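Structure file coords-v2.csv; described as CSV, C-alpha atoms and all ligand atoms.
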```csv
chain,number,residue,atom,x,y,z
Z,1059,MET,CA,-19.4,-8.1,15.2
Z,1060,ILE,CA,-16.0,-7.9,13.4
Z,1061,LEU,CA,-15.3,-6.8,9.8
Z,1062,ALA,CA,-12.2,-7.4,7.8
Z,1063,HIS,CA,-11.4,-4.8,5.2
Z,1064,LEU,CA,-8.8,-5.1,2.4
Z,1065,SER,CA,-8.3,-3.6,-1.0
Z,1066,ASP,CA,-6.1,-3.2,-4.0
Z,1067,LEU,CA,-4.8,-6.7,-4.1
Z,1068,HIS,CA,-3.8,-6.2,-7.8
Z,1069,LEU,CA,-3.7,-9.9,-8.4
Z,1070,GLY,CA,-1.8,-10.5,-11.7
Z,1071,PHE,CA,0.5,-7.5,-11.1
Z,1072,ARG,CA,3.8,-8.0,-12.8
Z,1073,ALA,CA,7.1,-6.1,-12.7
Z,1074,PHE,CA,10.8,-6.4,-13.2
Z,1075,GLU,CA,10.9,-9.4,-15.6
Z,1076,ARG,CA,12.2,-11.7,-12.9
Z,1077,ARG,CA,10.8,-15.2,-12.9
Z,1078,ASP,CA,10.5,-18.0,-10.4
Z,1079,ARG,CA,9.5,-21.3,-11.9
Z,1080,GLY,CA,8.0,-19.6,-14.9
Z,1081,ARG,CA,6.0,-17.0,-13.0
Z,1082,ASN,CA,6.8,-13.3,-12.6
Z,1083,VAL,CA,8.2,-12.9,-9.1
Z,1084,ARG,CA,6.0,-9.9,-8.3
Z,1085,GLU,CA,2.9,-11.7,-9.4
Z,1086,VAL,CA,3.8,-14.5,-7.0
Z,1087,ASP,CA,4.4,-11.8,-4.3
Z,1088,VAL,CA,0.9,-10.3,-4.6
Z,1089,ALA,CA,-0.8,-13.7,-4.5
Z,1090,ARG,CA,1.3,-14.6,-1.4
Z,1091,ALA,CA,0.3,-11.3,0.3
Z,1092,PHE,CA,-3.4,-12.2,-0.2
Z,1093,GLN,CA,-2.8,-15.7,1.4
Z,1094,VAL,CA,-0.9,-14.2,4.3
Z,1095,ALA,CA,-3.8,-11.8,5.0
Z,1096,ILE,CA,-6.2,-14.7,4.9
Z,1097,LYS,CA,-4.1,-16.6,7.4
Z,1098,LYS,CA,-4.2,-13.6,9.8
Z,1099,MET,CA,-8.0,-13.5,9.4
Z,1100,ARG,CA,-8.1,-16.9,11.0
Z,1101,ASP,CA,-7.2,-15.4,14.3
Z,1102,ILE,CA,-9.5,-12.3,13.8
Z,1103,GLN,CA,-12.6,-14.4,12.9
Z,1104,PRO,CA,-14.5,-11.6,11.1
Z,1105,GLN,CA,-18.1,-12.3,10.2
Z,1106,VAL,CA,-17.9,-10.3,7.0
Z,1107,VAL,CA,-14.8,-9.8,4.7
Z,1108,LEU,CA,-14.9,-6.6,2.6
Z,1109,VAL,CA,-12.7,-6.3,-0.5
Z,1110,ALA,CA,-12.8,-2.8,-1.9
Z,1111,GLY,CA,-11.7,-3.0,-5.5
Z,1112,ASP,CA,-8.7,-3.4,-7.8
Z,1113,ILE,CA,-8.8,-7.1,-6.9
Z,1114,PHE,CA,-7.2,-7.8,-10.3
Z,1115,ASP,CA,-4.5,-5.6,-11.7
Z,1116,ARG,CA,-6.2,-5.3,-15.1
Z,1117,PRO,CA,-9.6,-5.8,-16.7
Z,1118,GLU,CA,-8.5,-9.0,-18.5
Z,1119,PRO,CA,-6.6,-10.7,-15.6
Z,1120,THR,CA,-3.9,-13.3,-16.2
Z,1121,GLN,CA,-4.9,-17.0,-15.6
Z,1122,GLY,CA,-2.5,-16.8,-12.6
Z,1123,ALA,CA,-4.6,-14.0,-11.1
Z,1124,MET,CA,-7.8,-15.9,-11.6
Z,1125,VAL,CA,-6.3,-18.9,-9.9
Z,1126,ALA,CA,-4.9,-16.7,-7.1
Z,1127,LEU,CA,-8.4,-15.3,-6.3
Z,1128,ALA,CA,-10.1,-18.7,-6.5
Z,1129,ARG,CA,-7.5,-20.2,-4.1
Z,1130,GLY,CA,-7.9,-17.2,-1.8
Z,1131,LEU,CA,-11.6,-17.6,-1.7
Z,1132,ALA,CA,-11.2,-21.3,-1.0
Z,1133,SER,CA,-8.8,-20.6,1.8
Z,1134,LEU,CA,-11.2,-18.0,3.2
Z,1135,ARG,CA,-14.0,-20.5,3.2
Z,1136,GLU,CA,-11.8,-23.0,5.0
Z,1137,ALA,CA,-10.6,-20.4,7.6
Z,1138,LEU,CA,-13.9,-18.7,8.1
Z,1139,PRO,CA,-16.7,-21.2,7.1
Z,1140,ASP,CA,-19.5,-18.8,7.9
Z,1141,ALA,CA,-18.1,-15.5,6.8
Z,1142,LYS,CA,-19.6,-13.5,3.9
Z,1143,VAL,CA,-17.2,-12.1,1.3
Z,1144,LEU,CA,-18.3,-8.8,-0.3
Z,1145,MET,CA,-16.3,-7.5,-3.2
Z,1146,VAL,CA,-16.5,-4.5,-5.6
Z,1147,ALA,CA,-14.5,-3.9,-8.8
Z,1148,GLY,CA,-12.1,-1.0,-8.9
Z,1149,SER,CA,-10.9,1.0,-11.9
Z,1150,ARG,CA,-8.3,-1.6,-12.6
Z,1151,ASP,CA,-10.6,-4.6,-12.9
Z,1152,THR,CA,-13.7,-2.9,-14.4
Z,1153,PRO,CA,-14.1,-4.1,-18.0
Z,1154,HIS,CA,-13.6,-1.5,-20.7
Z,1155,ARG,CA,-17.0,-2.1,-22.3
Z,1156,PRO,CA,-20.0,-1.2,-20.2
Z,1157,GLY,CA,-21.9,-4.4,-21.3
Z,1158,ASP,CA,-19.1,-6.7,-20.3
Z,1159,PRO,CA,-19.5,-8.2,-16.8
Z,1160,GLY,CA,-15.8,-8.6,-16.3
Z,1161,ALA,CA,-13.7,-11.4,-14.9
Z,1162,LEU,CA,-14.7,-10.6,-11.3
Z,1163,ALA,CA,-18.3,-11.4,-12.1
Z,1164,ALA,CA,-17.3,-15.1,-12.4
Z,1165,PHE,CA,-16.7,-15.2,-8.6
Z,1166,ASP,CA,-20.2,-13.7,-7.8
Z,1167,SER,CA,-21.6,-17.2,-8.1
Z,1168,PHE,CA,-19.3,-18.7,-5.4
Z,1169,PRO,CA,-21.2,-19.6,-2.2
Z,1170,GLY,CA,-21.1,-16.8,0.4
Z,1171,VAL,CA,-19.6,-14.4,-2.1
Z,1172,GLU,CA,-21.1,-11.2,-3.6
Z,1173,ALA,CA,-19.1,-9.5,-6.3
Z,1174,ALA,CA,-20.5,-6.2,-7.7
Z,1175,THR,CA,-18.7,-5.3,-10.9
Z,1176,ALA,CA,-20.8,-2.6,-12.6
Z,1177,ARG,CA,-23.9,-1.6,-10.7
Z,1178,SER,CA,-24.4,-0.8,-7.1
Z,1179,ARG,CA,-25.8,-3.6,-5.1
Z,1180,VAL,CA,-27.6,-4.0,-1.8
Z,1181,VAL,CA,-26.7,-7.0,0.4
Z,1182,HIS,CA,-28.8,-7.9,3.4
Z,1183,LEU,CA,-27.6,-10.5,5.9
Z,1184,PRO,CA,-30.6,-11.1,8.2
Z,1185,ASP,CA,-28.7,-13.4,10.6
Z,1186,LEU,CA,-26.4,-10.5,11.4
Z,1187,ASP,CA,-29.0,-7.8,11.1
Z,1188,PHE,CA,-26.5,-6.4,8.6
Z,1189,HIS,CA,-27.1,-4.2,5.6
Z,1190,ALA,CA,-24.4,-3.3,3.1
Z,1191,VAL,CA,-24.3,-1.2,-0.1
Z,1192,LEU,CA,-21.6,-2.2,-2.6
Z,1193,ILE,CA,-20.4,0.5,-5.0
Z,1194,PRO,CA,-18.0,-0.6,-7.7
Z,1195,HIS,CA,-15.9,1.9,-9.6
Z,1196,ARG,CA,-18.4,2.3,-12.6
Z,1197,SER,CA,-21.2,3.0,-10.2
Z,1198,ALA,CA,-19.0,5.4,-8.1
Z,1199,ILE,CA,-18.4,7.6,-11.1
Z,1200,SER,CA,-22.1,7.7,-12.1
Z,1201,ASP,CA,-24.9,9.5,-10.2
Z,1202,GLU,CA,-25.9,6.1,-8.8
Z,1203,ALA,CA,-23.5,6.4,-5.9
Z,1204,GLU,CA,-25.1,9.6,-4.6
Z,1205,ALA,CA,-28.5,7.8,-4.2
Z,1206,VAL,CA,-27.4,5.0,-1.9
Z,1207,THR,CA,-28.9,5.1,1.6
Z,1208,PRO,CA,-28.6,3.0,4.7
Z,1209,ASP,CA,-31.4,0.8,6.0
Z,1210,PRO,CA,-32.8,2.4,9.1
Z,1211,GLU,CA,-34.3,-1.0,10.2
Z,1212,ALA,CA,-30.9,-2.7,10.2
Z,1213,ARG,CA,-28.6,-2.9,13.2
Z,1214,TRP,CA,-25.5,-2.4,11.1
Z,1215,ASN,CA,-25.1,-0.3,8.0
Z,1216,VAL,CA,-21.9,-0.7,6.0
Z,1217,LEU,CA,-20.8,0.9,2.8
Z,1218,LEU,CA,-18.2,-0.8,0.6
Z,1219,ALA,CA,-16.9,1.4,-2.2
Z,1220,TYR,CA,-14.1,2.1,-4.6
Z,1221,GLY,CA,-13.2,5.7,-5.3
Z,1222,ASP,CA,-11.8,8.9,-4.0
Z,1223,VAL,CA,-13.8,10.6,-1.2
Z,1224,THR,CA,-11.1,12.9,-0.2
Z,1225,SER,CA,-10.1,15.2,-3.1
Z,1226,GLY,CA,-13.5,16.9,-3.7
Z,1227,GLU,CA,-12.5,17.3,-7.3
Z,1228,GLU,CA,-15.2,17.0,-10.0
Z,1229,GLY,CA,-15.6,13.5,-11.4
Z,1230,SER,CA,-12.9,12.0,-9.2
Z,1231,GLY,CA,-15.2,10.4,-6.6
Z,1232,PHE,CA,-18.3,10.7,-4.6
Z,1233,THR,CA,-19.5,12.1,-1.3
Z,1234,VAL,CA,-19.9,9.8,1.7
Z,1235,LYS,CA,-22.3,10.9,4.5
Z,1236,ALA,CA,-20.1,9.3,7.2
Z,1237,ASP,CA,-22.7,9.8,10.0
Z,1238,GLU,CA,-25.2,7.6,8.2
Z,1239,TRP,CA,-22.9,4.5,8.2
Z,1240,ASP,CA,-21.5,2.3,10.9
Z,1241,TYR,CA,-18.5,1.7,8.7
Z,1242,VAL,CA,-17.3,2.7,5.3
Z,1243,ALA,CA,-14.7,0.5,3.6
Z,1244,LEU,CA,-12.9,2.2,0.8
Z,1245,GLY,CA,-10.5,1.1,-1.9
Z,1246,HIS,CA,-8.4,3.0,-4.5
Z,1247,ARG,CA,-5.7,4.7,-2.4
Z,1248,HIS,CA,-2.7,2.4,-2.0
Z,1249,SER,CA,-1.6,4.0,1.3
Z,1250,ARG,CA,-3.7,3.4,4.4
Z,1251,LEU,CA,-5.8,6.4,5.4
Z,1252,ALA,CA,-8.3,7.0,8.2
Z,1253,VAL,CA,-10.7,9.6,6.6
Z,1254,ARG,CA,-12.9,9.5,9.8
Z,1255,GLY,CA,-13.1,7.2,12.7
Z,1256,ASN,CA,-15.5,5.0,10.7
Z,1257,VAL,CA,-14.3,5.7,7.2
Z,1258,HIS,CA,-11.1,4.0,6.1
Z,1259,TYR,CA,-8.9,3.2,3.2
Z,1260,SER,CA,-7.0,0.0,4.0
Z,1261,GLY,CA,-4.4,0.6,1.4
Z,1262,SER,CA,-2.9,-2.0,-0.9
Z,1263,LEU,CA,-1.5,-5.3,0.5
Z,1264,GLU,CA,1.8,-4.9,-1.5
Z,1265,ARG,CA,3.7,-2.1,-3.0
Z,1266,VAL,CA,2.2,-2.3,-6.4
Z,1267,GLY,CA,2.5,1.3,-7.6
Z,1268,PRO,CA,4.9,2.4,-10.3
Z,1269,ALA,CA,7.2,3.9,-7.7
Z,1270,PRO,CA,7.5,1.4,-4.8
Z,1271,TRP,CA,10.2,3.6,-3.3
Z,1272,GLU,CA,7.6,6.1,-2.2
Z,1273,GLU,CA,6.1,3.5,0.0
Z,1274,ALA,CA,9.4,2.0,1.1
Z,1275,VAL,CA,8.9,2.7,4.8
Z,1276,ALA,CA,5.1,2.5,4.9
Z,1277,GLU,CA,3.7,-0.7,6.4
Z,1278,LYS,CA,1.2,-2.6,4.2
Z,1279,GLY,CA,-1.6,-4.7,5.4
Z,1280,PHE,CA,-5.4,-4.7,6.0
Z,1281,LEU,CA,-7.8,-3.5,8.6
Z,1282,SER,CA,-10.4,-5.0,10.9
Z,1283,PHE,CA,-13.2,-3.0,12.4
Z,1284,ASP,CA,-15.1,-3.9,15.6
Z,1285,LEU,CA,-18.6,-2.5,14.9
Z,1286,VAL,CA,-19.7,-2.7,18.6
Z,1287,ALA,CA,-16.7,-0.9,19.9
Z,1288,GLY,CA,-16.2,1.3,16.8
Z,1289,VAL,CA,-12.5,0.5,16.8
Z,1290,SER,CA,-10.3,-0.1,13.8
Z,1291,THR,CA,-7.2,-2.2,14.0
Z,1292,PHE,CA,-4.4,-2.5,11.4
Z,1293,HIS,CA,-2.9,-5.9,10.6
Z,1294,PRO,CA,0.5,-5.7,8.8
Z,1295,VAL,CA,1.4,-8.0,6.0
Z,1296,ALA,CA,5.1,-8.1,5.3
Z,1297,GLY,CA,5.7,-7.8,1.5
Z,1298,ARG,CA,8.9,-7.9,-0.4
Z,1299,PRO,CA,11.3,-5.3,1.1
Z,1300,VAL,CA,11.8,-2.1,-0.8
Z,1301,VAL,CA,14.9,0.0,0.0
Z,1302,SER,CA,15.3,3.6,-1.1
Z,1303,LEU,CA,18.8,4.7,-0.4
Z,1304,GLU,CA,20.0,8.2,0.5
Z,1305,PRO,CA,21.4,10.0,-2.6
Z,1306,ILE,CA,25.1,9.8,-3.4
Z,1307,ILE,CA,26.5,13.1,-4.6
Z,1308,PHE,CA,28.8,12.7,-7.5
Z,1309,ASP,CA,31.9,14.9,-7.4
Z,1310,PRO,CA,33.4,15.4,-10.9
Z,1311,ALA,CA,36.7,16.3,-9.3
Z,1312,ARG,CA,36.9,12.9,-7.6
Z,1313,LYS,CA,35.5,10.5,-10.1
Z,1314,ALA,CA,37.1,7.4,-8.6
Z,1315,ARG,CA,35.2,8.0,-5.4
Z,1316,LEU,CA,31.9,7.1,-7.1
Z,1317,ARG,CA,32.6,3.4,-7.2
Z,1318,GLU,CA,33.6,3.4,-3.6
Z,1319,ARG,CA,30.4,5.2,-2.5
Z,1320,VAL,CA,28.2,3.0,-4.6
Z,1321,ARG,CA,29.8,-0.1,-2.9
Z,1322,GLU,CA,29.4,1.5,0.5
Z,1323,VAL,CA,25.8,2.4,0.3
Z,1324,LEU,CA,24.8,-1.0,-1.2
Z,1325,ASP,CA,26.9,-3.0,1.2
Z,1326,GLU,CA,25.5,-1.1,4.2
Z,1327,VAL,CA,21.9,-2.1,3.6
Z,1328,PRO,CA,20.9,-4.0,6.8
Z,1329,GLY,CA,20.5,-7.6,5.9
Z,1330,GLY,CA,21.9,-7.1,2.4
Z,1331,ILE,CA,20.1,-6.4,-0.8
Z,1332,GLY,CA,19.4,-10.0,-1.7
Z,1333,GLY,CA,15.9,-10.4,-3.2
Z,1334,LYS,CA,15.0,-6.8,-2.4
Z,1335,ILE,CA,13.7,-4.0,-4.6
Z,1336,VAL,CA,16.4,-1.3,-4.3
Z,1337,ARG,CA,16.7,2.3,-5.6
Z,1338,LEU,CA,20.2,3.8,-5.8
Z,1339,ARG,CA,20.1,7.6,-6.3
Z,1340,ILE,CA,23.1,9.5,-7.7
Z,1341,GLN,CA,23.0,13.3,-7.9
Z,1342,GLY,CA,25.0,15.2,-10.5
Z,1343,LEU,CA,26.0,12.2,-12.7
Z,1344,GLY,CA,25.1,12.4,-16.4
Z,1345,PRO,CA,23.7,9.3,-18.2
Z,1346,GLY,CA,26.9,9.2,-20.2
Z,1347,ASP,CA,29.0,8.8,-17.1
Z,1348,LEU,CA,27.1,5.8,-15.9
Z,1349,ASP,CA,29.5,3.5,-17.8
Z,1350,GLN,CA,32.1,3.7,-15.1
Z,1351,ILE,CA,29.9,1.8,-12.7
Z,1352,GLN,CA,28.0,-0.5,-15.0
Z,1353,LYS,CA,30.1,-3.5,-14.3
Z,1354,LEU,CA,29.9,-2.9,-10.6
Z,1355,LEU,CA,26.1,-2.5,-10.7
Z,1356,HIS,CA,25.9,-5.8,-12.7
Z,1357,ASP,CA,27.1,-7.7,-9.7
Z,1358,TYR,CA,24.6,-6.1,-7.4
Z,1359,ARG,CA,21.8,-6.5,-9.9
Z,1360,ARG,CA,22.2,-10.2,-9.7
Z,1361,GLN,CA,21.6,-10.1,-5.9
Z,1362,ALA,CA,18.7,-7.7,-5.8
Z,1363,LEU,CA,15.3,-8.5,-7.3
Z,1364,HIS,CA,15.6,-5.1,-8.9
Z,1365,LEU,CA,18.1,-2.4,-8.7
Z,1366,GLU,CA,16.9,0.9,-10.0
Z,1367,VAL,CA,19.5,3.6,-10.6
Z,1368,SER,CA,18.0,7.1,-10.7
Z,1369,LEU,CA,20.2,10.0,-11.8
Z,1370,GLU,CA,19.2,13.3,-10.3
Z,1371,ASP,CA,20.2,16.9,-10.7
Z,1372,ALA,CA,23.1,18.0,-8.5
Z,1373,PRO,CA,21.7,19.6,-5.3
Z,1374,ARG,CA,21.5,23.4,-5.5
Z,1375,ALA,CA,23.5,25.5,-3.2
Z,1376,ALA,CA,20.4,26.8,-1.4
Z,1377,GLU,CA,19.4,23.2,-0.5
Z,1378,ALA,CA,22.8,21.8,0.3
Z,1379,GLY,CA,23.3,23.1,3.9
Z,1380,PRO,CA,21.0,22.9,6.8
Z,1381,ASP,CA,18.1,25.2,6.2
Z,1382,GLU,CA,17.9,27.4,9.4
Z,1383,ASP,CA,14.9,29.4,8.2
Z,1384,PHE,CA,13.0,26.2,7.8
Z,1385,ALA,CA,14.0,24.9,11.2
Z,1386,ASP,CA,13.0,28.2,12.9
Z,1387,SER,CA,9.7,28.4,11.1
Z,1388,LEU,CA,8.8,24.9,11.9
Z,1389,SER,CA,9.7,25.2,15.6
Z,1390,ASP,CA,7.8,28.5,15.8
Z,1391,ARG,CA,4.7,26.9,14.3
Z,1392,LEU,CA,4.8,23.9,16.5
Z,1393,ALA,CA,5.4,26.0,19.7
Z,1394,ALA,CA,2.5,28.2,18.8
Z,1395,ARG,CA,0.2,25.2,18.5
Z,1396,LEU,CA,1.4,22.9,21.3
Z,1397,GLY,CA,-0.3,24.9,24.0
Z,1398,THR,CA,-3.7,25.1,22.3
Z,1399,PRO,CA,-6.5,22.9,23.6
Z,1400,ASP,CA,-7.4,21.5,20.2
Z,1401,MET,CA,-3.9,20.0,19.8
Z,1402,ASN,CA,-3.8,16.7,18.1
Z,1403,GLU,CA,-1.9,14.7,15.5
Z,1404,ASP,CA,-3.6,16.5,12.7
Z,1405,VAL,CA,-2.8,19.9,14.0
Z,1406,ILE,CA,0.9,18.9,14.2
Z,1407,ARG,CA,0.8,17.4,10.7
Z,1408,ARG,CA,-0.7,20.5,9.3
Z,1409,ALA,CA,1.8,22.7,11.0
Z,1410,VAL,CA,4.7,20.7,9.6
Z,1411,GLU,CA,3.1,20.6,6.1
Z,1412,ASP,CA,2.6,24.4,6.2
Z,1413,ALA,CA,6.2,24.9,7.2
Z,1414,VAL,CA,7.5,22.6,4.5
Z,1415,ALA,CA,5.3,24.3,1.9
Z,1416,ARG,CA,6.6,27.7,2.9
Z,1417,ALA,CA,10.2,26.5,3.0
Z,1418,SER,CA,10.0,25.1,-0.6
Z,1419,HIS,CA,8.4,28.3,-1.8
Z,1420,THR,CA,11.3,30.2,-0.2
Z,1421,VAL,CA,13.9,28.0,-1.9
Z,1422,ARG,CA,12.2,28.4,-5.3
Z,1423,GLY,CA,11.8,32.1,-4.8
Z,1424,SER,CA,15.4,32.7,-4.0
Z,1425,VAL,CA,16.6,30.6,-7.0
Z,1426,GLY,CA,14.2,32.6,-9.2
Z,1501,MN,MN,-5.2,0.1,-7.0
```

Re-express the file's structure as structure tokens.
Amino acid sequence: MILAHLSDLHLGFRAFERRDRGRNVREVDVARAFQVAIKKMRDIQPQVVLVAGDIFDRPEPTQGAMVALARGLASLREALPDAKVLMVAGSRDTPHRPGDPGALAAFDSFPGVEAATARSRVVHLPDLDFHAVLIPHRSAISDEAEAVTPDPEARWNVLLAYGDVTSGEEGSGFTVKADEWDYVALGHRHSRLAVRGNVHYSGSLERVGPAPWEEAVAEKGFLSFDLVAGVSTFHPVAGRPVVSLEPIIFDPARKARLRERVREVLDEVPGGIGGKIVRLRIQGLGPGDLDQIQKLLHDYRRQALHLEVSLEDAPRAAEAGPDEDFADSLSDRLAARLGTPDMNEDVIRRAVEDAVARASHTVRGSVG
């Protein structure tokens, strides 16, 4: 019994004003990522496909987004004739007015598709002895979400929900009793996250956030979950490449060097910058000084899909050299934990995060 789990498709997402045959290139990208995911599902053959919210990028989706979802569902039907598709609305595709069913509700009438847009819904699939509770965003932020329970008679109990189950902040999400469910498929976070062995965020299919650079190296894709084995598998979907370059440090004493450095870092991108989303970072250059490289950037802008230039403060002396205190503190912390029996990836991650947090406090403290 295999589930496929994807979320945050953001169909209709647009960015960067670049068009291809009249359509925004990024809008085409997110539709394509959905199709690539469906193609991969052909090999996985899940019995149930879970789509955990933010299917559309906005409450009133573009016509292109509606077509992308309709085509996707048709492709799914063709690839997996017997699979059920369960969807919930996220914060992005929930209509503003509570009485409005929302665009996603139109797809609820498709054969083999259940789309919950406002209220929680229970779906029972007797052939599979499968019980699912669907919690869309509007329901997740109400008391309704706390009341859902699994069906003790069913072989499989699955929760499909949109929201934040990790922060514990008031009003930001809801509590999931992980032990009660065989699998919990979540949407909302754009980066993949295993909350527990059976509780997962699949992350978005494409880098649709306002700062794609932050996800430049993270693989995007979707998950499958084998209910019998209790094992989750990640299936990457290659999106449009995003390149975040190491910062160039502007030296006012050697102004001419800037053009050279810009050329170097952009020319050194493996495979070139053609069609990519690129961020060039320059430290210590004022906005008024940007003129000296505008013409040069213009040529690169024509190649890239988008070239973002971010001007940052010059590095402070305390941060310029290698931070020996930080390195010592980190290696001490790791050494102290490596021998302990409860050592695992999380312990290492926490040790590194602690050390980083302490190091940044130290820097801030010394600068005053
Ligand atoms: Mn989203």

Worksheet entry | Between atom CA of Z:Ile1193 and atom CA of Z:Phe1092 - distance in Å to one decimal |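 So the answer is 21.8 Å.
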
Closest atom pairs, stretch 1161-1260 of chain Z residues within 12 Å of stretch 1067-1082 of chain Z, only C-alpha atoms, as a tab-separated table:
```
residue	atom	partner	partner_atom	distance
Z:Leu1162	CA	Z:Leu1069	CA	11.4
Z:Gly1245	CA	Z:Leu1067	CA	9.9
Z:His1246	CA	Z:Leu1067	CA	10.4
Z:Arg1247	CA	Z:Leu1067	CA	11.6
Z:His1248	CA	Z:Leu1067	CA	9.6
Z:Ser1260	CA	Z:Leu1067	CA	10.7
```

Worksheet entry | Surroundings of ligand MN 1501 (chain Z) up to 12 Å, based on all atoms listed in the file, as a PyMOL selection string | chain Z and resi 1064-1069+1071+1109-1116+1147-1152+1195+1220-1222+1244-1250+1259-1268

Fill in: Atomic separation - atom CA of Z:Lys1142 relative to atom CA of Z:Glu1172, Å
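Computing it gives 8.0 Å between the two atoms.
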
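Taking all atoms listed in the file into account, Z:Ala1132 lies nearest to Z:Val1171 out of the set Z:Ala1205, Z:Val1171, Z:Leu1354, Z:Leu1186.
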
Discussion item. I want to know what sits within 8 Å of Z:Phe1292, based on all atoms listed in the file, with residues of the same chain fewer than 5 positions away left out; could you give that as a PyMOL selection string?
Written reply: chain Z and resi 1279-1282

If I only have part of stretch 1173-1179 of chain Z, can you fill in all heavy atoms and write it as a JSON list (two decimals), in the frame of the given file?
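Result written to rebuild02.json:
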```json
[["chain", "number", "residue", "atom", "x", "y", "z"],
["Z", 1173, "ALA", "N", -20.06, -10.28, -5.57],
["Z", 1173, "ALA", "CA", -19.10, -9.50, -6.30],
["Z", 1173, "ALA", "C", -19.82, -8.51, -7.22],
["Z", 1173, "ALA", "O", -20.40, -8.92, -8.21],
["Z", 1173, "ALA", "CB", -18.13, -10.35, -7.08],
["Z", 1174, "ALA", "N", -19.81, -7.23, -6.86],
["Z", 1174, "ALA", "CA", -20.50, -6.20, -7.70],
["Z", 1174, "ALA", "C", -19.44, -5.63, -8.65],
["Z", 1174, "ALA", "O", -18.42, -5.11, -8.20],
["Z", 1174, "ALA", "CB", -21.07, -5.13, -6.82],
["Z", 1175, "THR", "N", -19.69, -5.74, -9.95],
["Z", 1175, "THR", "CA", -18.70, -5.30, -10.90],
["Z", 1175, "THR", "C", -19.08, -4.01, -11.65],
["Z", 1175, "THR", "O", -18.22, -3.26, -12.10],
["Z", 1175, "THR", "CB", -18.38, -6.37, -11.96],
["Z", 1175, "THR", "OG1", -19.60, -6.73, -12.61],
["Z", 1175, "THR", "CG2", -17.77, -7.60, -11.31],
["Z", 1176, "ALA", "N", -20.37, -3.76, -11.83],
["Z", 1176, "ALA", "CA", -20.80, -2.60, -12.60],
["Z", 1176, "ALA", "C", -21.79, -1.72, -11.90],
["Z", 1176, "ALA", "O", -21.62, -0.52, -11.78],
["Z", 1176, "ALA", "CB", -21.34, -3.06, -13.97],
["Z", 1177, "ARG", "N", -22.86, -2.36, -11.41],
["Z", 1177, "ARG", "CA", -23.90, -1.60, -10.70],
["Z", 1177, "ARG", "C", -23.78, -1.70, -9.22],
["Z", 1177, "ARG", "O", -23.22, -2.66, -8.72],
["Z", 1177, "ARG", "CB", -25.30, -2.18, -11.14],
["Z", 1177, "ARG", "CG", -25.58, -2.26, -12.63],
["Z", 1177, "ARG", "CD", -25.76, -0.89, -13.24],
["Z", 1177, "ARG", "NE", -26.76, -0.09, -12.53],
["Z", 1177, "ARG", "CZ", -28.06, -0.09, -12.80],
["Z", 1177, "ARG", "NH1", -28.52, -0.85, -13.77],
["Z", 1177, "ARG", "NH2", -28.90, 0.67, -12.13],
["Z", 1178, "SER", "N", -24.33, -0.72, -8.54],
["Z", 1178, "SER", "CA", -24.40, -0.80, -7.10],
["Z", 1178, "SER", "C", -25.30, -1.95, -6.69],
["Z", 1178, "SER", "O", -26.19, -2.32, -7.44],
["Z", 1178, "SER", "CB", -24.98, 0.49, -6.50],
["Z", 1178, "SER", "OG", -24.10, 1.54, -6.73],
["Z", 1179, "ARG", "N", -25.04, -2.50, -5.52],
["Z", 1179, "ARG", "CA", -25.80, -3.60, -5.10],
["Z", 1179, "ARG", "C", -26.07, -3.53, -3.58],
["Z", 1179, "ARG", "O", -25.18, -3.10, -2.84],
["Z", 1179, "ARG", "CB", -25.08, -4.92, -5.38],
["Z", 1179, "ARG", "CG", -25.84, -6.17, -4.99],
["Z", 1179, "ARG", "CD", -25.01, -7.40, -5.17],
["Z", 1179, "ARG", "NE", -24.62, -7.62, -6.56],
["Z", 1179, "ARG", "CZ", -24.01, -8.73, -6.99],
["Z", 1179, "ARG", "NH1", -23.72, -9.69, -6.12],
["Z", 1179, "ARG", "NH2", -23.66, -8.86, -8.24]]
```
